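Engineer: Sharing entry39.cif, mmCIF, C-alpha atoms and all ligand atoms:
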data_coords
#
loop_
_atom_site.label_atom_id
_atom_site.label_comp_id
_atom_site.auth_asym_id
_atom_site.auth_seq_id
_atom_site.Cartn_x
_atom_site.Cartn_y
_atom_site.Cartn_z
CA MET A 1 106.82 87.61 89.76
CA THR A 2 105.84 89.13 86.40
CA SER A 3 104.54 92.68 86.72
CA ALA A 4 100.93 93.13 85.65
CA LEU A 5 102.06 96.25 83.79
CA GLU A 6 105.48 97.52 82.90
CA ILE A 7 105.79 100.75 80.93
CA ARG A 8 109.31 101.24 79.57
CA GLY A 9 110.17 104.73 78.36
CA ILE A 10 107.18 105.41 76.10
CA THR A 11 107.00 108.61 74.08
CA LYS A 12 104.18 109.85 71.85
CA GLN A 13 104.15 113.06 69.88
CA PHE A 14 101.16 114.66 68.12
CA GLY A 15 102.53 117.39 65.84
CA PRO A 16 104.39 119.81 68.11
CA THR A 17 102.89 118.31 71.31
CA LYS A 18 104.79 115.66 73.26
CA ALA A 19 101.69 114.04 74.77
CA VAL A 20 103.80 111.37 76.53
CA ASP A 21 107.50 111.91 77.17
CA SER A 22 109.74 109.01 78.30
CA VAL A 23 107.24 107.61 80.78
CA SER A 24 108.19 104.47 82.75
CA PHE A 25 106.46 102.81 85.70
CA SER A 26 105.05 99.44 86.65
CA LEU A 27 102.16 97.86 88.54
CA GLU A 28 102.24 94.58 90.45
CA PRO A 29 99.34 92.10 90.49
CA GLY A 30 96.58 93.34 92.82
CA GLU A 31 97.95 96.92 92.85
CA ILE A 32 95.37 99.67 92.42
CA CYS A 33 97.09 102.75 91.07
CA GLY A 34 95.54 106.19 90.63
CA PHE A 35 96.74 107.97 87.51
CA ILE A 36 96.51 111.70 88.08
CA GLY A 37 97.53 114.84 86.28
CA PRO A 38 96.09 118.13 85.03
CA ASN A 39 93.96 118.28 81.87
CA GLY A 40 96.03 117.42 78.82
CA ALA A 41 98.81 115.82 80.90
CA GLY A 42 98.92 112.63 78.82
CA LYS A 43 96.83 110.19 80.89
CA THR A 44 94.44 109.10 78.14
CA THR A 45 97.24 108.81 75.59
CA THR A 46 99.24 106.60 77.99
CA MET A 47 96.17 104.47 78.66
CA ARG A 48 95.43 104.12 74.95
CA ILE A 49 99.02 103.00 74.30
CA ILE A 50 98.78 100.38 77.08
CA SER A 51 95.48 99.22 75.60
CA THR A 52 97.02 98.83 72.10
CA LEU A 53 94.77 101.55 70.62
CA GLU A 54 97.74 103.80 69.90
CA LEU A 55 101.36 102.94 69.07
CA PRO A 56 104.17 104.66 70.99
CA ASP A 57 106.80 106.50 68.89
CA SER A 58 109.41 104.84 71.09
CA GLY A 59 109.51 102.62 74.16
CA ASP A 60 107.36 99.59 74.88
CA VAL A 61 104.67 98.40 77.31
CA PHE A 62 104.40 94.90 78.76
CA VAL A 63 101.08 93.62 80.05
CA ASP A 64 101.58 90.51 82.15
CA GLY A 65 104.97 90.17 80.44
CA VAL A 66 103.61 90.53 76.88
CA SER A 67 104.77 93.41 74.64
CA VAL A 68 102.19 95.70 73.01
CA LEU A 69 104.57 96.05 70.05
CA ALA A 70 105.30 92.37 69.54
CA ALA A 71 101.94 90.80 70.45
CA ALA A 72 99.09 93.34 70.58
CA ARG A 73 96.39 90.67 70.16
CA GLU A 74 97.76 88.67 73.10
CA VAL A 75 97.88 91.86 75.20
CA ARG A 76 94.21 92.55 74.39
CA SER A 77 93.24 89.16 75.78
CA ARG A 78 94.95 90.05 79.08
CA LEU A 79 93.55 93.50 79.71
CA GLY A 80 90.25 95.29 80.04
CA PHE A 81 89.96 98.93 78.95
CA MET A 82 87.15 101.21 80.01
CA PRO A 83 87.44 104.44 78.00
CA ASP A 84 86.17 107.80 79.27
CA SER A 85 83.40 107.72 76.71
CA TYR A 86 82.09 104.76 74.80
CA GLY A 87 79.40 104.14 72.27
CA ALA A 88 76.39 102.51 73.88
CA TYR A 89 74.03 100.35 71.88
CA GLY A 90 70.84 101.94 73.16
CA ALA A 91 68.31 99.50 71.74
CA THR A 92 69.97 96.37 73.16
CA THR A 93 69.36 94.95 76.61
CA VAL A 94 72.03 94.52 79.27
CA THR A 95 72.20 90.77 78.66
CA GLU A 96 72.34 91.13 74.86
CA TYR A 97 75.12 93.69 75.18
CA LEU A 98 77.27 91.50 77.44
CA ASP A 99 76.50 88.39 75.38
CA PHE A 100 77.66 90.18 72.22
CA PHE A 101 81.03 91.05 73.76
CA ALA A 102 81.40 87.59 75.33
CA ARG A 103 81.01 86.10 71.81
CA ALA A 104 83.54 88.60 70.49
CA HIS A 105 85.97 87.28 73.13
CA GLY A 106 85.40 83.79 71.72
CA LEU A 107 83.45 82.45 74.71
CA ARG A 108 81.12 79.62 73.70
CA GLY A 109 78.29 77.54 75.21
CA ARG A 110 78.29 76.97 78.96
CA VAL A 111 81.51 78.90 79.50
CA ARG A 112 79.82 81.97 78.02
CA SER A 113 76.65 81.69 80.12
CA GLN A 114 78.67 81.04 83.29
CA THR A 115 80.98 83.98 82.60
CA LEU A 116 78.00 86.26 81.96
CA ALA A 117 76.33 85.13 85.19
CA SER A 118 79.45 85.64 87.30
CA VAL A 119 80.26 89.05 85.80
CA MET A 120 76.63 90.19 86.30
CA ASP A 121 76.80 88.88 89.87
CA PHE A 122 79.96 90.82 90.58
CA THR A 123 78.54 94.06 89.18
CA SER A 124 75.01 93.48 90.60
CA LEU A 125 73.48 93.73 87.13
CA HIS A 126 71.05 90.78 87.39
CA PRO A 127 68.03 92.97 88.26
CA LEU A 128 68.71 95.02 85.11
CA ALA A 129 69.26 92.07 82.78
CA GLY A 130 66.27 92.79 80.51
CA LYS A 131 66.52 96.59 80.54
CA HIS A 132 67.41 98.54 77.43
CA ILE A 133 70.70 100.41 77.71
CA ASP A 134 68.89 103.66 76.81
CA ALA A 135 66.89 103.30 80.03
CA LEU A 136 69.94 102.94 82.30
CA SER A 137 71.25 105.71 84.53
CA LYS A 138 74.84 106.90 84.14
CA GLY A 139 75.92 104.83 87.16
CA MET A 140 74.25 101.69 85.78
CA LYS A 141 75.91 102.26 82.40
CA GLN A 142 79.31 102.55 84.10
CA ARG A 143 78.69 99.26 85.91
CA LEU A 144 77.70 97.67 82.59
CA CYS A 145 80.84 98.96 80.92
CA LEU A 146 82.95 97.61 83.79
CA ALA A 147 81.14 94.27 83.46
CA LYS A 148 82.05 94.23 79.77
CA THR A 149 85.73 94.81 80.54
CA LEU A 150 85.71 91.83 82.94
CA LEU A 151 84.37 89.25 80.47
CA ASN A 152 87.84 88.06 79.43
CA ASP A 153 89.04 87.81 83.06
CA PRO A 154 91.81 90.39 82.48
CA LYS A 155 94.98 90.61 84.57
CA LEU A 156 95.03 94.39 84.16
CA LEU A 157 92.20 96.91 84.06
CA ILE A 158 92.62 100.36 82.58
CA LEU A 159 89.82 102.65 83.72
CA ASP A 160 89.79 106.17 82.25
CA GLU A 161 87.74 108.54 84.44
CA PRO A 162 85.23 105.87 85.51
CA ALA A 163 83.76 108.06 88.28
CA ALA A 164 83.07 111.10 86.07
CA GLY A 165 79.45 112.19 86.30
CA LEU A 166 78.48 109.63 88.94
CA ASP A 167 76.44 110.60 92.00
CA PRO A 168 77.96 109.93 95.46
CA ARG A 169 76.25 106.55 95.92
CA ALA A 170 77.30 105.31 92.48
CA ARG A 171 80.86 106.48 93.22
CA VAL A 172 80.93 104.52 96.47
CA GLU A 173 79.65 101.44 94.61
CA LEU A 174 82.31 101.85 91.95
CA ARG A 175 85.00 102.22 94.62
CA GLU A 176 83.86 99.02 96.27
CA LEU A 177 83.96 97.18 92.93
CA VAL A 178 87.47 98.43 92.22
CA SER A 179 88.68 97.38 95.69
CA ALA A 180 87.13 93.95 95.18
CA LEU A 181 88.96 93.64 91.84
CA GLY A 182 92.27 94.41 93.56
CA ASP A 183 91.48 91.72 96.14
CA THR A 184 91.13 89.15 93.34
CA GLY A 185 94.70 89.95 92.20
CA LYS A 186 93.86 92.14 89.22
CA ALA A 187 95.96 95.27 88.79
CA VAL A 188 94.00 98.45 88.10
CA LEU A 189 95.22 101.72 86.60
CA LEU A 190 92.53 104.29 87.24
CA SER A 191 92.48 107.94 86.21
CA SER A 192 90.37 110.49 88.00
CA HIS A 193 90.25 114.15 88.90
CA ILE A 194 88.43 113.34 92.14
CA LEU A 195 91.47 112.89 94.32
CA THR A 196 89.69 112.20 97.61
CA GLU A 197 88.08 109.18 95.93
CA LEU A 198 91.40 107.87 94.71
CA ALA A 199 93.04 108.18 98.13
CA GLU A 200 90.42 105.81 99.52
CA VAL A 201 90.75 103.11 96.90
CA CYS A 202 94.34 103.28 95.62
CA ASP A 203 97.51 101.64 96.92
CA SER A 204 99.68 103.89 94.79
CA VAL A 205 99.51 106.94 92.55
CA ALA A 206 101.37 107.95 89.41
CA VAL A 207 101.43 111.70 88.74
CA ILE A 208 101.95 112.93 85.18
CA GLU A 209 102.28 116.48 83.91
CA ALA A 210 103.03 117.80 80.43
CA GLY A 211 103.69 114.22 79.31
CA ARG A 212 106.32 113.49 81.97
CA LEU A 213 105.97 111.26 84.99
CA GLN A 214 106.50 113.45 88.06
CA ALA A 215 106.17 110.81 90.75
CA LYS A 216 104.99 107.26 91.36
CA GLY A 217 104.74 105.72 94.79
CA ARG A 218 102.58 104.38 97.56
CA VAL A 219 99.82 106.79 98.62
CA ASP A 220 100.83 106.68 102.31
CA GLU A 221 104.54 107.29 101.53
CA MET A 222 103.78 110.18 99.21
CA MET A 223 101.53 111.76 101.81
CA ARG A 224 104.24 111.33 104.46
CA ALA A 225 106.79 113.00 102.17
CA THR A 226 104.39 115.88 101.51
CA ARG A 227 103.61 116.24 105.20
CA ALA A 228 107.28 117.16 105.71
CA GLN A 229 106.23 120.64 104.52
CA ALA A 230 103.00 120.80 106.46
CA GLU A 231 101.32 124.03 107.50
CA VAL A 232 101.11 124.14 111.29
CA THR A 233 98.79 126.32 113.34
CA CYS A 234 99.63 126.97 116.99
CA ARG A 235 97.62 128.94 119.55
CA VAL A 236 99.28 129.83 122.83
CA LEU A 237 97.75 130.57 126.24
CA SER A 238 99.03 134.16 126.42
CA ASP A 239 101.22 136.58 124.46
CA PRO A 240 101.07 135.33 120.85
CA ALA A 241 103.85 137.78 119.88
CA ALA A 242 106.28 136.09 122.32
CA GLY A 243 105.12 132.68 121.01
CA LEU A 244 105.78 133.85 117.45
CA ARG A 245 109.32 134.98 118.36
CA ALA A 246 110.06 131.62 119.98
CA ILE A 247 108.67 129.60 117.07
CA ALA A 248 110.36 131.68 114.38
CA GLU A 249 113.83 130.81 115.68
CA MET A 250 113.21 127.02 115.88
CA PRO A 251 114.76 124.64 113.34
CA HIS A 252 112.70 123.65 110.24
CA VAL A 253 110.25 126.56 110.73
CA LEU A 254 109.57 128.71 107.65
CA GLY A 255 107.54 131.88 107.27
CA ALA A 256 106.06 132.06 110.78
CA ARG A 257 103.37 134.76 111.09
CA LEU A 258 100.45 135.77 113.25
CA GLN A 259 96.97 135.07 111.93
CA GLY A 260 94.55 136.56 114.45
CA GLU A 261 95.53 134.96 117.76
CA ALA A 262 97.19 131.96 116.09
CA ILE A 263 100.78 131.48 114.95
CA VAL A 264 100.89 129.89 111.50
CA PHE A 265 104.04 128.50 109.89
CA ALA A 266 105.33 126.02 107.35
CA PHE A 267 107.32 123.19 108.87
CA ALA A 268 109.92 121.37 106.79
CA GLY A 269 110.96 118.73 109.35
CA SER A 270 109.81 115.18 110.07
CA ASP A 271 107.11 114.09 112.54
CA ALA A 272 109.89 113.56 115.11
CA ASP A 273 111.20 117.11 114.50
CA ARG A 274 107.69 118.44 115.03
CA ALA A 275 107.42 116.59 118.36
CA SER A 276 110.79 118.10 119.43
CA LEU A 277 109.58 121.59 118.48
CA LEU A 278 106.48 121.19 120.63
CA ALA A 279 108.55 119.90 123.59
CA GLU A 280 110.98 122.83 123.23
CA LEU A 281 108.11 125.36 123.21
CA VAL A 282 106.74 123.87 126.43
CA ARG A 283 110.25 123.90 127.98
CA ARG A 284 110.51 127.62 127.19
CA GLY A 285 107.19 128.27 128.90
CA VAL A 286 105.29 129.19 125.72
CA GLN A 287 102.21 127.12 126.77
CA PRO A 288 100.62 125.95 123.49
CA VAL A 289 96.88 125.21 123.79
CA ASP A 290 96.39 124.10 120.15
CA PHE A 291 99.07 122.69 117.90
CA ALA A 292 97.85 121.16 114.67
CA ALA A 293 99.35 120.33 111.29
CA ARG A 294 96.80 120.45 108.49
CA VAL A 295 96.08 116.87 107.48
CA THR A 296 97.75 116.06 104.17
CA ASN A 297 95.54 114.71 101.43
CA LEU A 298 96.15 113.56 97.89
CA GLU A 299 95.40 117.08 96.63
CA ASP A 300 98.45 118.38 98.56
CA VAL A 301 100.59 115.63 97.01
CA PHE A 302 99.26 116.57 93.58
CA LEU A 303 99.91 120.28 94.08
CA SER A 304 103.39 119.67 95.47
CA VAL A 305 104.57 117.50 92.54
CA THR A 306 102.88 119.35 89.65
CA LYS A 307 103.77 122.82 88.47
CA GLY A 308 100.62 123.85 86.63
CA THR A 309 102.29 123.58 83.22
CA LEU A 310 99.89 123.51 80.29
CA GLN A 311 100.77 122.34 76.81
N1 LIG A 401 94.88 112.50 68.50
C1 LIG A 401 95.48 113.60 68.93
N2 LIG A 401 95.92 114.55 68.07
C2 LIG A 401 96.55 115.66 68.49
N3 LIG A 401 96.80 115.93 69.79
C3 LIG A 401 96.39 115.04 70.70
C4 LIG A 401 95.72 113.83 70.32
N4 LIG A 401 95.44 113.13 71.46
C5 LIG A 401 95.92 113.87 72.49
N5 LIG A 401 96.50 115.01 72.03
C6 LIG A 401 97.16 116.03 72.87
O1 LIG A 401 98.07 115.37 73.72
C7 LIG A 401 98.06 115.95 75.02
C8 LIG A 401 97.68 114.89 76.05
O2 LIG A 401 96.31 114.56 75.91
P1 LIG A 401 95.59 113.44 76.78
O3 LIG A 401 94.19 113.30 76.27
O4 LIG A 401 96.43 112.23 76.82
O5 LIG A 401 95.59 114.13 78.24
P2 LIG A 401 94.78 113.75 79.55
O6 LIG A 401 95.77 113.78 80.66
O7 LIG A 401 94.02 112.49 79.38
O8 LIG A 401 93.79 114.98 79.70
P3 LIG A 401 92.32 115.10 80.39
O9 LIG A 401 92.53 115.01 81.88
O10 LIG A 401 91.89 116.48 79.97
O11 LIG A 401 91.46 114.01 79.84
C9 LIG A 401 97.09 117.12 74.96
O12 LIG A 401 97.85 118.28 74.69
C10 LIG A 401 96.19 116.76 73.78
O13 LIG A 401 95.69 117.94 73.18
#
Could you write out this file's structure as structure tokens?
Structural biologist:
Amino acid sequence: MTSALEIRGITKQFGPTKAVDSVSFSLEPGEICGFIGPNGAGKTTTMRIISTLELPDSGDVFVDGVSVLAAAREVRSRLGFMPDSYGAYGATTVTEYLDFFARAHGLRGRVRSQTLASVMDFTSLHPLAGKHIDALSKGMKQRLCLAKTLLNDPKLLILDEPAAGLDPRARVELRELVSALGDTGKAVLLSSHILTELAEVCDSVAVIEAGRLQAKGRVDEMMRATRAQAEVTCRVLSDPAAGLRAIAEMPHVLGARLQGEAIVFAFAGSDADRASLLAELVRRGVQPVDFAARVTNLEDVFLSVTKGTLQ
């Protein structure tokens, strides 16, 4: 099967800054991938290269098997790009705006009106059809911009910070739209700083820092790998000091300490190792009453694979 997106070793330098440094990863059809990294990490530059708005200094990108270097126009017909900010045409209505871009994509006659209707259906824009863009809320404008990127039925969607500035309801709506796009077989590369949102909608994440790809993998696998260093809190029925002594000498336990009545430690073993530790404590008569590892979230994954490097 042809990958929806294959990035092969792209590099882009602006003066002294290596904005993107030998980045490679791919997305399969239907895969929704969160693209995360600190400010200035190289996300927008990577997205602009994929979308043919910027040329890489070296490397290549293939969208649905087509090279951005060899056939940029063909790539454009296969992808939809939603930038983090875009010029709106305030005095036009929603329908006029979409119709303009549908014409630009070469859609004519009935095909154009059917495409417009189905895209407006998908993004629930029908009730706003006659509204001027100036009168739309931020969330409505985002939906309109997403509708615009769907007009050419792209195989790959590149969404740069689509949730920025949206209220919670609009963010939920956007998440549902993105999930629905994945279900139709479109691949989506989506950047955001709101990591809890991404964890709910993404199959995978790619983490970039200082231009370099730090990790790319399935969200659940990356969380499992991060959980191997989970922080565990244990409260025992009596004598926390004795509990601390017992825990401190167990395998995979790091930096055990007392925090009030609780014993807190980092645990570098697997889930099975953690179960063995608990069984061993009980066998030694330590009597744990609470034993909890802090639930890993995408923020932990992000913090564990990035180093806080600025450039
Ligand atoms: N046109 C340009 N000219 C000079 N430097 C640039 C240009 N575009 C990007 N850069 C630099 O390249 C680096 C990567 O920027 P980029 O916008 O790709 O990061 P980002 O991950 O999208 O950041 P953010 O999360 O803040 O949007 C930054 O150091 C930025 O200052």
Engineer: Write out as a ChimeraX atom specification the residues lying within 7 Å of Gly42 of chain A, counting all atoms listed in the file and excluding same-chain residues fewer than 2 positions away.
Structural biologist: /A:19-20,40,44-46,210-211
Engineer: Would you list the contacts of Lys148 of chain A as a list in words, taking every protein, DNA or RNA residue within 9 Å and counting only C-alpha atoms, but skipping same-chain residues closer than 6 positions in sequence?
Structural biologist: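 Result of the neighbour search: Gly80, Met82, Tyr97, Leu98, Phe101, Ala102 and Val119 of chain A.
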Engineer: Since we have the selection now, will you write its residues out, keeping C-alpha atoms, as a PDB file, keeping the file's coordinate frame?
Structural biologist:
ATOM      1  CA  GLY A  80      90.250  95.290  80.040  1.00  0.00           C
ATOM      2  CA  MET A  82      87.150 101.210  80.010  1.00  0.00           C
ATOM      3  CA  TYR A  97      75.120  93.690  75.180  1.00  0.00           C
ATOM      4  CA  LEU A  98      77.270  91.500  77.440  1.00  0.00           C
ATOM      5  CA  PHE A 101      81.030  91.050  73.760  1.00  0.00           C
ATOM      6  CA  ALA A 102      81.400  87.590  75.330  1.00  0.00           C
ATOM      7  CA  VAL A 119      80.260  89.050  85.800  1.00  0.00           C
TER       8      VAL A 119
END
Engineer: Neighbouring residues of ligand LIG 401 (chain A) are defined here as those with any atom at most 9 Å from a ligand atom, counting only C-alpha atoms and all ligand atoms; list them as a ChimeraX atom specification.
Structural biologist: /A:12-20,36-48,84,160-161,191-193,208-211,310-311
Engineer: How far is it from atom CA of Gly90 of chain A to atom CA of Arg78 of chain A, in Å with one decimal?
Structural biologist: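 Result for atom CA of Gly90 of chain A versus atom CA of Arg78 of chain A: 27.5 Å, one decimal.
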Engineer: Once 4 Å is added on each side, what centre and edge lengths in Å to one decimal does the axis-aligned box around all listed atoms of segment 53-64 of chain A have, as lines of an AutoDock Vina configuration file?
Structural biologist:
center_x = 102.1
center_y = 98.5
center_z = 75.5
size_x = 22.7
size_y = 24.0
size_z = 21.3
Engineer: Just how far from atom CA of Ala187 of chain A is atom CA of Glu28 of chain A, in Å to one decimal?
Structural biologist: 6.5 Å
Engineer: Find, counting all atoms listed in the file, the residue in A:Cys145, A:Ile133, A:Val236, A:His105 that gets nearest to Val282 of chain A.
Structural biologist: A:Val236
Engineer: From the set A:Ala170, A:Leu144, A:Cys33, A:Val286, which residue has the shortest atom-to-atom contact distance to Ala246 of chain A, counting all atoms listed in the file?
Structural biologist: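 Counting all atoms listed in the file, the residue closest to Ala246 of chain A is A:Val286.
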Engineer: I'd like to know which of A:Ala215, A:Leu79, A:Leu151, A:Val205 is closest to Arg112 of chain A, using all atoms listed in the file.
Structural biologist: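 Selected residue with least distance to Arg112 of chain A: A:Leu151.
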Engineer: If I put a ball of radius 12 Å at (80.1, 83.8, 82.8) in the file's coordinates, which residues poke into it when counting all atoms listed in the file, written as a list in words?
Structural biologist: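 Final list of nearby residues, as requested, is Thr95, Leu98, Asp99, Phe101, Ala102, Arg103, His105, Leu107, Arg108, Gly109, Arg110, Val111, Arg112, Ser113, Gln114, Thr115, Leu116, Ala117, Ser118, Val119, Met120, Asp121, Phe122, Ala147, Lys148, Leu150, Leu151, Asn152 and Asp153 of chain A.
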Engineer: To one decimal place, how far is atom CA of Ile49 of chain A from atom CA of Ile10 of chain A in Å?
Structural biologist: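 So the answer is 8.7 Å.
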Engineer: Which residues come within 9 Å of Ala199 of chain A, counting only C-alpha atoms, excluding same-chain residues fewer than 3 positions away, as a ChimeraX atom specification?
Structural biologist: /A:34,195-196,202-205,219-220,297-298
Engineer: Let me make sure I understand: among A:Leu278, A:Val178, A:Val94, A:Val295, which one has the smallest atom-to-atom distance to Arg224 of chain A if we use only C-alpha atoms?
Structural biologist: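 When distances to Arg224 of chain A are compared using only C-alpha atoms, the smallest one comes from A:Val295.
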Engineer: Scan for residues within 12 Å of the point (67.0, 101.5, 79.7) in the coordinates of the file, using only C-alpha atoms, and reply as a list in words.
Structural biologist: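 All residues meeting the 12 Å criterion around (67.0, 101.5, 79.7) are Ala88, Tyr89, Gly90, Ala91, Thr92, Thr93, Val94, Thr95, Leu128, Ala129, Gly130, Lys131, His132, Ile133, Asp134, Ala135, Leu136, Ser137, Lys138, Met140, Lys141 and Leu144 of chain A.
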